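The structure appears below as structure tokens.
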Amino acid sequence: MQVKLLRYTSDPERTIAAAARISYSTRPVPDMIDSMEEEKVTIFLSQLLSAGHVSPFEHASFTFYIDGISRVTSHQLVRHRLASYTQQSQRYVFHKGLEFVIPPSITGKPAWKQKFDQFLSQSHELYKQMVADGISVEDARYILPNAIVTRLVMTMNARELMQASSLRLCLKAQWEIVELFEQIKGEVRKVSQFLGSQLKPKCYDLTYCNEKESCGLFPVRESPDSGIKAYK
């Protein structure tokens, strides 16, 4: 899996802060951006989050190149609707050679790994035979499994990134999408330490787990405190 930040809003923290301040200021936005001290910007953004004023965070956006995830994970990813996606098409792209994502639970069991590999190989071979016999690529793709690797470009604003991360960094989420959002978080932190620090599981804001069972980081709401571990 590879995640690379391609483009992002210049000086995203100041952009968010200036957008928020325009609602009660007569000063032009360019003047506010230039005059704000870095420390005060961070404090202001923290105040916005504490007060629940999150709409200004939509003014900072991030565009990522994502490669090497399975179709299982890409289908989960596009459920986050406040984003833009452009994905490699199985309708137009003929997959002469294929890569697959295999879950660790399967790779850890040699007998099942062998059967899994065999099935993937057979499905790919059947796919190639159908195309060679005149069946269109867009129809032959129906035989391809969800394990097939895909690539896409995704653009999300900071508010949606925080919302998506609150769900997908939860340790109850599937392992592959957790890894994906850990890499997304790492890319965001390279250009904005503050925004990167806000990409975290929802339990850190709730201070409890709202799932049926806790992973152990926080107790479920009705349960006695089982201890809190720091999230980095």
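Labeling convention for the structure tokens: chains A, B, ... as they appear, residues from 1 per chain, ligands from 1 in order of appearance.
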
Could you pull out all residues of region 87-143 of chain A with a DSSP call of helix (DSSP H, G or I) and give them as a PyMOL selection string?
chain A and resi 104-107+110-132+137-143

Within 8 Å of Leu180 (chain A), counting only C-alpha atoms, which residues show up once you throw out same-chain ones fewer than 3 positions away? Write them as a list in words, please.
Met1, Val3, Glu176, Ile177, Gln183 and Ile184 of chain A

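Using only C-alpha atoms for every distance, the candidate list A:Arg189, A:Arg91, A:Cys215, A:Tyr208 yields A:Arg189 as the residue closest to Glu13 (chain A).
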
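Assigned to strand (DSSP E or B) in region 113-207 of chain A, given DSSP computed from backbone atoms, are Ile148, Val149, Thr150, Arg151, Leu152, Val153, Met154, Thr155, Met156 and Asn157 of chain A.
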
Within 8 Å of region 9-12 of chain A using only C-alpha atoms, minus same-chain residues under 3 positions, as number ranges by chain
A: 15-16, 59-62, 192

Tell me which protein, DNA and RNA residues are within 6 Å of region 143-159 of chain A, counting only C-alpha atoms, leaving out same-chain ones fewer than 6 positions away, and put them as a ChimeraX atom specification.
/A:57-58,60-72,83-88,99-101
